[in-house]
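K.L.:
Just coords.csv, nothing more (CSV, C-alpha atoms (C1' of nucleotides) and all ligand atoms):
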```
chain,number,residue,atom,x,y,z
Z,1,MET,CA,45.8,-72.7,-40.7
Z,2,LEU,CA,45.2,-71.0,-43.9
Z,3,LYS,CA,47.1,-73.7,-45.7
Z,4,LEU,CA,46.5,-75.3,-49.1
Z,5,SER,CA,44.9,-78.7,-49.0
Z,6,LYS,CA,47.2,-81.5,-50.3
Z,7,LYS,CA,44.8,-81.9,-53.2
Z,8,ALA,CA,45.4,-78.4,-54.3
Z,9,ASP,CA,49.1,-78.9,-53.8
Z,10,TYR,CA,49.0,-82.0,-55.9
Z,11,GLY,CA,47.0,-80.2,-58.5
Z,12,LEU,CA,49.5,-77.4,-58.8
Z,13,MET,CA,52.4,-79.8,-59.0
Z,14,ALA,CA,50.7,-81.7,-61.7
Z,15,LEU,CA,50.0,-78.6,-63.8
Z,16,LYS,CA,53.5,-77.4,-63.3
Z,17,TYR,CA,54.7,-80.8,-64.6
Z,18,LEU,CA,52.5,-80.6,-67.6
Z,19,ALA,CA,53.6,-77.1,-68.3
Z,20,GLU,CA,57.2,-78.3,-68.2
Z,21,HIS,CA,56.5,-81.0,-70.8
Z,22,PRO,CA,54.8,-79.2,-73.6
Z,23,GLU,CA,56.3,-81.4,-76.3
Z,24,THR,CA,54.3,-84.5,-75.3
Z,25,GLN,CA,50.8,-84.8,-76.5
Z,26,ALA,CA,49.4,-86.0,-73.2
Z,27,LEU,CA,50.6,-87.5,-69.9
Z,28,SER,CA,48.6,-90.0,-68.0
Z,29,ALA,CA,47.6,-89.5,-64.4
Z,30,LYS,CA,49.9,-92.3,-63.5
Z,31,ASP,CA,52.9,-90.7,-65.3
Z,32,VAL,CA,52.5,-87.6,-63.2
Z,33,ALA,CA,51.8,-89.4,-60.0
Z,34,ASP,CA,54.9,-91.6,-60.4
Z,35,ALA,CA,57.0,-88.5,-61.2
Z,36,TYR,CA,56.2,-87.1,-57.7
Z,37,GLY,CA,55.3,-90.2,-55.8
Z,38,ILE,CA,51.8,-89.2,-55.0
Z,39,PRO,CA,48.8,-91.6,-54.9
Z,40,ALA,CA,47.9,-92.2,-58.5
Z,41,GLN,CA,44.2,-92.7,-58.0
Z,42,LEU,CA,43.9,-89.6,-55.9
Z,43,LEU,CA,45.7,-87.5,-58.5
Z,44,ALA,CA,43.5,-89.0,-61.2
Z,45,LYS,CA,40.4,-87.6,-59.4
Z,46,ILE,CA,42.0,-84.2,-59.1
Z,47,LEU,CA,42.9,-84.1,-62.7
Z,48,GLN,CA,39.4,-85.1,-63.6
Z,49,ARG,CA,38.0,-82.2,-61.6
Z,50,MET,CA,40.3,-79.8,-63.4
Z,51,THR,CA,39.2,-81.3,-66.7
Z,52,LYS,CA,35.6,-80.7,-65.8
Z,53,THR,CA,36.3,-77.1,-65.0
Z,54,GLY,CA,38.1,-76.6,-68.3
Z,55,LEU,CA,41.7,-76.3,-67.1
Z,56,LEU,CA,42.7,-79.5,-68.8
Z,57,ARG,CA,41.9,-81.5,-71.9
Z,58,SER,CA,41.7,-85.3,-71.4
Z,59,HIS,CA,41.8,-88.2,-73.7
Z,60,ALA,CA,41.2,-91.8,-73.0
Z,61,GLY,CA,42.7,-94.8,-74.5
Z,62,MET,CA,46.3,-95.7,-75.2
Z,63,ASN,CA,48.7,-92.8,-75.2
Z,64,GLY,CA,45.9,-90.9,-73.7
Z,65,GLY,CA,46.1,-88.7,-70.7
Z,66,TYR,CA,45.9,-85.0,-69.8
Z,67,ALA,CA,47.2,-81.8,-71.3
Z,68,LEU,CA,46.8,-78.2,-70.5
Z,69,ALA,CA,43.7,-76.7,-72.1
Z,70,ARG,CA,45.3,-73.3,-72.3
Z,71,ASP,CA,48.8,-71.8,-72.3
Z,72,ALA,CA,50.4,-72.1,-68.9
Z,73,ARG,CA,50.5,-68.3,-68.7
Z,74,GLU,CA,46.7,-68.2,-68.9
Z,75,ILE,CA,46.1,-70.5,-66.0
Z,76,SER,CA,46.2,-68.9,-62.6
Z,77,ALA,CA,46.9,-70.6,-59.2
Z,78,TYR,CA,43.5,-69.2,-58.2
Z,79,GLU,CA,41.7,-71.1,-60.9
Z,80,VAL,CA,43.4,-74.3,-59.9
Z,81,ILE,CA,42.6,-74.0,-56.2
Z,82,HIS,CA,39.1,-72.9,-56.9
Z,83,ALA,CA,38.6,-75.9,-59.2
Z,84,ILE,CA,39.9,-78.4,-56.6
Z,85,ASP,CA,38.8,-77.0,-53.3
Z,86,GLY,CA,35.8,-74.9,-54.3
Z,87,PRO,CA,35.3,-71.2,-53.7
Z,88,LEU,CA,38.0,-69.6,-51.6
Z,89,PHE,CA,36.6,-68.0,-48.5
Z,90,ILE,CA,38.6,-66.9,-45.6
Z,91,THR,CA,35.6,-66.3,-43.4
Z,92,SER,CA,34.6,-69.4,-41.4
Z,93,CYS,CA,31.1,-69.4,-42.7
Z,94,THR,CA,31.6,-71.0,-46.1
Z,95,LYS,CA,29.2,-68.4,-47.6
Z,96,GLY,CA,26.5,-69.0,-50.1
Z,97,ALA,CA,23.9,-71.5,-49.1
Z,98,LYS,CA,24.3,-72.0,-45.4
Z,99,LEU,CA,25.7,-69.3,-43.3
Z,100,CYS,CA,27.3,-70.2,-40.1
Z,101,ASP,CA,25.0,-69.8,-37.1
Z,102,LEU,CA,26.5,-66.7,-35.8
Z,103,THR,CA,26.1,-64.7,-39.0
Z,104,PRO,CA,24.0,-62.1,-37.3
Z,105,SER,CA,26.4,-61.4,-34.5
Z,106,CYS,CA,29.6,-61.9,-36.4
Z,107,THR,CA,30.7,-58.4,-37.2
Z,108,ILE,CA,33.9,-59.3,-38.7
Z,109,LYS,CA,32.8,-61.1,-41.7
Z,110,GLU,CA,32.4,-58.1,-44.0
Z,111,PRO,CA,35.8,-56.5,-43.4
Z,112,LEU,CA,37.4,-59.9,-43.8
Z,113,ALA,CA,35.7,-60.4,-47.1
Z,114,ARG,CA,38.0,-57.6,-48.4
Z,115,VAL,CA,41.0,-59.3,-47.1
Z,116,ASN,CA,39.8,-62.4,-48.9
Z,117,GLU,CA,39.5,-60.4,-52.0
Z,118,SER,CA,43.1,-59.3,-51.8
Z,119,ILE,CA,44.3,-62.8,-51.3
Z,120,ALA,CA,42.3,-63.9,-54.3
Z,121,GLU,CA,44.0,-61.2,-56.3
Z,122,VAL,CA,47.4,-62.4,-55.3
Z,123,LEU,CA,46.5,-65.9,-56.3
Z,124,LYS,CA,45.1,-64.8,-59.6
Z,125,SER,CA,48.3,-63.0,-60.4
Z,126,ILE,CA,50.3,-66.2,-60.3
Z,127,SER,CA,50.2,-68.4,-63.3
Z,128,ILE,CA,51.3,-72.0,-63.7
Z,129,TYR,CA,54.0,-70.6,-66.0
Z,130,ASP,CA,55.3,-68.6,-63.1
Z,131,LEU,CA,55.6,-71.8,-61.1
Z,132,ALA,CA,57.3,-73.8,-63.7
Z,133,GLU,CA,61.1,-73.5,-64.2
Z,134,HIS,CA,62.3,-69.9,-63.5
Z,135,GLU,CA,64.0,-70.8,-60.3
Z,136,HIS,CA,65.7,-67.5,-60.7
Z,137,VAL,CA,62.7,-65.0,-60.6
Z,138,GLY,CA,64.8,-62.7,-58.5
Z,139,GLU,CA,64.0,-62.6,-54.8
Z,140,HIS,CA,63.3,-58.9,-55.0
Z,141,GLU,CA,61.2,-58.6,-58.1
Z,142,ALA,CA,59.3,-61.4,-56.3
Z,143,HIS,CA,56.5,-62.6,-58.4
Z,144,GLY,CA,55.6,-59.3,-59.9
Z,145,LEU,CA,53.6,-58.0,-57.0
Z,146,VAL,CA,53.9,-54.7,-55.2
Z,147,LEU,CA,52.1,-54.0,-52.0
Z,148,LEU,CA,51.4,-50.5,-51.0
Z,149,THR,CA,49.8,-49.5,-47.7
Z,150,ARG,CA,48.4,-46.1,-47.5
F,1,MET,CA,39.9,-74.2,-48.0
F,2,LEU,CA,42.2,-71.5,-47.0
F,3,LYS,CA,39.7,-70.4,-44.5
F,4,LEU,CA,40.2,-69.0,-41.0
F,5,SER,CA,39.6,-71.4,-38.1
F,6,LYS,CA,36.6,-70.5,-36.0
F,7,LYS,CA,39.0,-69.9,-33.1
F,8,ALA,CA,40.8,-67.2,-35.1
F,9,ASP,CA,37.4,-65.8,-36.1
F,10,TYR,CA,36.3,-65.7,-32.5
F,11,GLY,CA,39.6,-64.1,-31.5
F,12,LEU,CA,39.2,-61.3,-34.0
F,13,MET,CA,35.7,-60.7,-33.0
F,14,ALA,CA,36.7,-60.5,-29.4
F,15,LEU,CA,39.5,-58.1,-30.0
F,16,LYS,CA,37.2,-56.0,-32.1
F,17,TYR,CA,34.7,-55.9,-29.3
F,18,LEU,CA,37.3,-54.9,-26.8
F,19,ALA,CA,38.5,-52.2,-29.2
F,20,GLU,CA,34.9,-50.8,-29.3
F,21,HIS,CA,34.7,-50.6,-25.6
F,22,PRO,CA,37.8,-48.7,-24.6
F,23,GLU,CA,36.1,-47.0,-21.7
F,24,THR,CA,35.8,-50.1,-19.6
F,25,GLN,CA,38.7,-51.3,-17.6
F,26,ALA,CA,38.4,-54.9,-18.6
F,27,LEU,CA,35.8,-57.3,-19.9
F,28,SER,CA,35.6,-60.9,-18.8
F,29,ALA,CA,35.6,-63.8,-21.3
F,30,LYS,CA,32.1,-64.4,-20.4
F,31,ASP,CA,31.0,-60.9,-21.2
F,32,VAL,CA,32.4,-61.1,-24.7
F,33,ALA,CA,31.2,-64.6,-25.2
F,34,ASP,CA,27.7,-63.7,-24.3
F,35,ALA,CA,27.8,-60.6,-26.5
F,36,TYR,CA,28.3,-62.8,-29.5
F,37,GLY,CA,26.8,-66.1,-28.4
F,38,ILE,CA,30.0,-68.1,-28.6
F,39,PRO,CA,31.1,-70.8,-26.2
F,40,ALA,CA,32.5,-69.1,-23.2
F,41,GLN,CA,35.1,-71.6,-22.2
F,42,LEU,CA,36.4,-71.9,-25.7
F,43,LEU,CA,36.7,-68.1,-26.0
F,44,ALA,CA,38.4,-68.1,-22.6
F,45,LYS,CA,41.1,-70.3,-23.9
F,46,ILE,CA,41.6,-68.2,-27.0
F,47,LEU,CA,41.9,-65.0,-24.9
F,48,GLN,CA,44.4,-66.7,-22.7
F,49,ARG,CA,46.5,-67.6,-25.7
F,50,MET,CA,46.4,-64.0,-26.9
F,51,THR,CA,47.4,-62.9,-23.4
F,52,LYS,CA,50.4,-65.2,-23.4
F,53,THR,CA,51.6,-63.8,-26.7
F,54,GLY,CA,51.2,-60.2,-25.4
F,55,LEU,CA,48.2,-59.0,-27.3
F,56,LEU,CA,46.1,-58.7,-24.2
F,57,ARG,CA,46.4,-57.8,-20.6
F,58,SER,CA,44.5,-59.9,-18.1
F,59,HIS,CA,43.5,-59.4,-14.6
F,60,ALA,CA,41.9,-62.0,-12.3
F,61,GLY,CA,39.4,-61.5,-9.6
F,62,MET,CA,36.1,-59.6,-9.4
F,63,ASN,CA,35.7,-57.0,-12.2
F,64,GLY,CA,38.7,-58.6,-13.8
F,65,GLY,CA,39.0,-59.7,-17.4
F,66,TYR,CA,40.9,-58.7,-20.5
F,67,ALA,CA,41.9,-55.5,-22.2
F,68,LEU,CA,44.0,-54.7,-25.2
F,69,ALA,CA,47.6,-54.5,-24.4
F,70,ARG,CA,48.2,-52.0,-27.1
F,71,ASP,CA,46.3,-49.5,-29.1
F,72,ALA,CA,44.0,-51.2,-31.5
F,73,ARG,CA,45.9,-49.6,-34.4
F,74,GLU,CA,49.0,-51.5,-33.3
F,75,ILE,CA,47.5,-54.9,-33.4
F,76,SER,CA,47.3,-56.6,-36.8
F,77,ALA,CA,45.1,-59.4,-37.9
F,78,TYR,CA,48.2,-61.3,-38.7
F,79,GLU,CA,49.3,-61.2,-35.1
F,80,VAL,CA,46.0,-62.5,-33.9
F,81,ILE,CA,45.9,-65.3,-36.3
F,82,HIS,CA,49.4,-66.2,-35.6
F,83,ALA,CA,48.8,-66.2,-31.9
F,84,ILE,CA,45.8,-68.5,-32.2
F,85,ASP,CA,46.6,-70.8,-35.0
F,86,GLY,CA,50.4,-70.7,-35.0
F,87,PRO,CA,52.6,-69.8,-37.9
F,88,LEU,CA,50.7,-69.2,-41.1
F,89,PHE,CA,51.9,-71.4,-43.9
F,90,ILE,CA,50.1,-71.9,-47.1
F,91,THR,CA,52.2,-74.8,-48.2
F,92,SER,CA,50.8,-78.1,-47.0
F,93,CYS,CA,54.0,-79.1,-45.3
F,94,THR,CA,53.7,-77.2,-42.1
F,95,LYS,CA,57.4,-76.2,-42.3
F,96,GLY,CA,59.9,-76.2,-39.5
F,97,ALA,CA,60.3,-79.4,-37.7
F,98,LYS,CA,58.8,-82.1,-39.8
F,99,LEU,CA,58.6,-81.6,-43.6
F,100,CYS,CA,56.0,-83.5,-45.5
F,101,ASP,CA,57.2,-86.6,-47.0
F,102,LEU,CA,57.3,-85.3,-50.5
F,103,THR,CA,59.5,-82.4,-49.8
F,104,PRO,CA,62.2,-83.6,-52.2
F,105,SER,CA,59.8,-84.0,-55.1
F,106,CYS,CA,57.5,-81.0,-54.3
F,107,THR,CA,58.7,-78.4,-56.7
F,108,ILE,CA,56.1,-76.0,-55.9
F,109,LYS,CA,56.8,-75.2,-52.3
F,110,GLU,CA,59.3,-72.5,-52.9
F,111,PRO,CA,57.3,-70.3,-55.3
F,112,LEU,CA,54.3,-70.7,-53.0
F,113,ALA,CA,56.3,-69.4,-50.1
F,114,ARG,CA,56.3,-66.1,-51.8
F,115,VAL,CA,52.6,-66.1,-52.2
F,116,ASN,CA,52.4,-66.9,-48.6
F,117,GLU,CA,54.5,-63.9,-47.9
F,118,SER,CA,52.2,-61.7,-49.8
F,119,ILE,CA,49.2,-62.9,-47.9
F,120,ALA,CA,51.0,-62.4,-44.6
F,121,GLU,CA,51.6,-58.8,-45.8
F,122,VAL,CA,48.0,-58.3,-46.5
F,123,LEU,CA,47.1,-59.6,-43.0
F,124,LYS,CA,49.7,-57.5,-41.4
F,125,SER,CA,48.3,-54.3,-43.0
F,126,ILE,CA,44.9,-54.8,-41.3
F,127,SER,CA,44.6,-53.7,-37.7
F,128,ILE,CA,41.9,-54.4,-35.2
F,129,TYR,CA,41.1,-50.8,-35.4
F,130,ASP,CA,40.3,-51.2,-39.1
F,131,LEU,CA,37.8,-53.9,-38.2
F,132,ALA,CA,36.1,-52.0,-35.5
F,133,GLU,CA,33.4,-49.6,-36.5
F,134,HIS,CA,34.1,-47.7,-39.8
F,135,GLU,CA,31.5,-49.5,-41.7
F,136,HIS,CA,32.0,-46.8,-44.2
F,137,VAL,CA,35.7,-47.3,-45.2
F,138,GLY,CA,34.7,-46.8,-48.9
F,139,GLU,CA,34.4,-49.9,-51.1
F,140,HIS,CA,37.0,-48.4,-53.4
F,141,GLU,CA,39.7,-47.3,-51.1
F,142,ALA,CA,39.2,-50.8,-49.7
F,143,HIS,CA,41.3,-51.3,-46.7
F,144,GLY,CA,44.2,-49.2,-47.7
F,145,LEU,CA,45.7,-51.7,-50.0
F,146,VAL,CA,46.7,-51.4,-53.6
F,147,LEU,CA,47.8,-54.3,-55.7
F,148,LEU,CA,49.8,-53.8,-58.8
F,149,THR,CA,50.7,-56.5,-61.1
F,150,ARG,CA,53.6,-56.0,-63.4
E,1,DG,C1',36.8,-67.0,3.3
E,2,DA,C1',33.7,-66.7,-0.5
E,3,DA,C1',32.8,-65.2,-5.1
E,4,DA,C1',34.5,-64.0,-9.4
E,5,DT,C1',37.6,-64.4,-12.5
E,6,DG,C1',41.8,-66.1,-15.2
E,7,DC,C1',44.9,-70.4,-16.3
E,8,DC,C1',45.9,-74.9,-17.9
E,9,DG,C1',45.9,-79.6,-19.6
E,10,DA,C1',43.3,-83.6,-20.9
E,11,DC,C1',39.8,-85.4,-23.5
E,12,DA,C1',35.6,-86.6,-26.3
E,13,DG,C1',32.8,-85.6,-30.4
E,14,DA,C1',32.3,-83.6,-34.8
E,15,DA,C1',33.9,-82.3,-39.1
E,16,DT,C1',37.1,-82.3,-42.8
E,17,DT,C1',40.5,-84.3,-45.5
E,18,DG,C1',43.1,-88.0,-47.6
E,19,DG,C1',43.2,-92.0,-49.8
E,20,DT,C1',41.1,-96.6,-51.7
E,21,DC,C1',38.0,-99.6,-54.3
E,22,DG,C1',34.9,-101.0,-57.7
E,23,DT,C1',32.8,-100.4,-61.8
E,24,DA,C1',31.6,-98.2,-66.0
E,25,DT,C1',33.0,-96.0,-70.2
E,26,DA,C1',36.1,-94.5,-74.0
E,27,DC,C1',39.8,-94.9,-77.2
E,28,DT,C1',43.7,-97.4,-79.6
E,29,DG,C1',45.8,-100.7,-82.2
E,30,DA,C1',46.5,-105.4,-83.7
L,1,DT,C1',36.4,-107.7,-82.6
L,2,DC,C1',39.1,-108.2,-78.8
L,3,DA,C1',42.6,-107.0,-75.4
L,4,DG,C1',44.8,-103.4,-73.2
L,5,DT,C1',45.2,-98.8,-71.6
L,6,DA,C1',43.2,-94.9,-69.9
L,7,DT,C1',39.7,-91.6,-68.1
L,8,DA,C1',35.1,-91.0,-65.2
L,9,DC,C1',32.6,-91.3,-61.1
L,10,DG,C1',30.6,-92.5,-56.9
L,11,DA,C1',30.8,-94.9,-52.5
L,12,DC,C1',33.4,-95.7,-48.7
L,13,DC,C1',36.8,-96.1,-45.0
L,14,DA,C1',40.8,-94.1,-42.4
L,15,DA,C1',43.5,-90.4,-40.6
L,16,DT,C1',43.8,-86.1,-39.0
L,17,DT,C1',42.3,-81.7,-37.4
L,18,DC,C1',39.1,-78.8,-35.2
L,19,DT,C1',35.7,-77.6,-31.8
L,20,DG,C1',34.0,-77.6,-27.6
L,21,DT,C1',33.7,-79.5,-22.6
L,22,DC,C1',35.4,-80.7,-18.1
L,23,DG,C1',38.0,-80.6,-13.8
L,24,DG,C1',41.1,-78.6,-11.0
L,25,DC,C1',44.0,-74.8,-9.6
L,26,DA,C1',45.6,-69.9,-9.0
L,27,DT,C1',44.7,-65.0,-8.2
L,28,DT,C1',42.2,-60.9,-6.9
L,29,DT,C1',38.4,-58.4,-4.6
L,30,DC,C1',35.2,-57.7,-1.0
V,201,LIG,S1,32.0,-66.7,-39.1
V,201,LIG,FE1,30.1,-67.0,-40.2
V,201,LIG,S2,29.4,-64.9,-40.0
V,201,LIG,FE2,31.4,-64.7,-39.1
V,202,LIG,S1,53.8,-80.0,-49.7
V,202,LIG,FE1,55.4,-80.4,-48.4
V,202,LIG,S2,57.0,-79.9,-49.8
V,202,LIG,FE2,55.3,-79.5,-51.1
```
Is it possible to express this structure as structure tokens?

P.N.:
Amino acid sequence: MLKLSKKADYGLMALKYLAEHPETQALSAKDVADAYGIPAQLLAKILQRMTKTGLLRSHAGMNGGYALARDAREISAYEVIHAIDGPLFITSCTKGAKLCDLTPSCTIKEPLARVNESIAEVLKSISIYDLAEHEHVGEHEAHGLVLLTR
Amino acid sequence: MLKLSKKADYGLMALKYLAEHPETQALSAKDVADAYGIPAQLLAKILQRMTKTGLLRSHAGMNGGYALARDAREISAYEVIHAIDGPLFITSCTKGAKLCDLTPSCTIKEPLARVNESIAEVLKSISIYDLAEHEHVGEHEAHGLVLLTR
DNA sequence: GAAATGCCGACAGAATTGGTCGTATACTGA
DNA sequence: TCAGTATACGACCAATTCTGTCGGCATTTC
């Protein structure tokens, strides 16, 4: 429950890997897949999706592959997840087009939307750069987030 | 992605409903199910699980049913979700017993655990009471949460 | 004892996700 | 210009997870 899809996980791993190899011009889907032992074709599709949404730059042909389209600091975990799994909505009814059949009776949707918003904020505050290296980050300082309840 | 299961949704709705009817001694699963048009038997199972984890008190027999075990202010959304869907983990590998096969290579797990923690905090800061009534809550004040990024 | 209710496990159907395949297209370098 | 390497994309199957139902039993009230 409430867990990332494997695809999103793969996507984050791949971006992290790219962020850790800024020297190379581009890395092929296969390169990355092999590095982590994940299905190459599947990862390829994931990278393609991120390319389409502008997170990556791609280049076909020999020595082709993918590279970050922006600085790792400028790519948030939220963007990655959104690109791969679509809009993030905690409420069961996937929003937008078709509302779930109990929309009229469901009284909980609206308050949960705010929770959803908070989660999105958390995700937006994490960048690929934060994921890469920096094993140290300090357990306390956490990832730069402070939560205050009134 | 990252969305609540319908069960958790139902559970929250039911608790909210109970919180809004504090006068009655107990409400049967069927009562609540009918109120929202959700499958009675399914809801029954959900309520049972919440009973087992101590969120509800139950009473069999005529005029039996369920009632909140504690004040609505003392029951968090996190507890509800945890009771129904089990431990909340954003990382694909469901933790504990069996780790996913790429545990050694997955370098992303640890940083995400912190994100997970943040989300859990958000959920813990929301009580059933917050969900019930109070349509007003002020869009700005939100639900009593302030997020600060460094 | 009968009716209303909760309790529990097993299971079938539906929906989602994960992963594969085939084919087309683009770039590189010899 | 041709062979090789790569991305792009859609269709499709397989595995898993989620939803919902059923049947039987236990407990309380009248
Ligand atoms: S789940 Fe769709 S409206 Fe609440
Ligand atoms: S998904 Fe299991 S370790 Fe990263």

K.L.:
With all atoms listed in the file as the counted atoms, please give the residues lying no more than 10 Å from DT16 (chain L), apart from itself and same-chain residues fewer than 6 positions off, as a list in words.

P.N.:
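Contacts, with the query itself left out: DT16, DT17 and DG18 of chain E.
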
K.L.:
Using only C-alpha atoms (C1' of nucleotides), please write the residues we just selected to a file, as a short mmCIF file (atom, residue, chain, number, x, y, z; two decimals), in the coordinates of the input.

P.N.:
```cif
data_model
loop_
_atom_site.label_atom_id
_atom_site.label_comp_id
_atom_site.auth_asym_id
_atom_site.auth_seq_id
_atom_site.Cartn_x
_atom_site.Cartn_y
_atom_site.Cartn_z
"C1'" DT E 16 37.10 -82.30 -42.80
"C1'" DT E 17 40.50 -84.30 -45.50
"C1'" DG E 18 43.10 -88.00 -47.60
#
```

K.L.:
Please indicate the distance in Å from CA of Ile108 (chain F) to CA of Gly86 (chain Z), rounded to one decimal place.

P.N.:
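CA of Ile108 (chain F) sits 20.4 Å away from CA of Gly86 (chain Z).
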
K.L.:
Need to verify the contact set: DA3 (chain E), 9 Å, all atoms listed in the file, exclusion of same-chain residues closer than 2 positions in sequence. Can you return it as JSON, numbers by chain?

P.N.:
{"F": [61, 62], "E": [5], "L": [29, 30]}

K.L.:
Could you state the separation of CA of Leu88 (chain Z) and CA of Arg70 (chain Z) in Å, given to one decimal place?

P.N.:
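Between these atoms lies a distance of 22.3 Å.
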
K.L.:
Within 9 Å of chain L, which residues of chain F show up when using all atoms listed in the file, listed as a PyMOL selection string?

P.N.:
chain F and resi 5-7+39+41-42+59-64
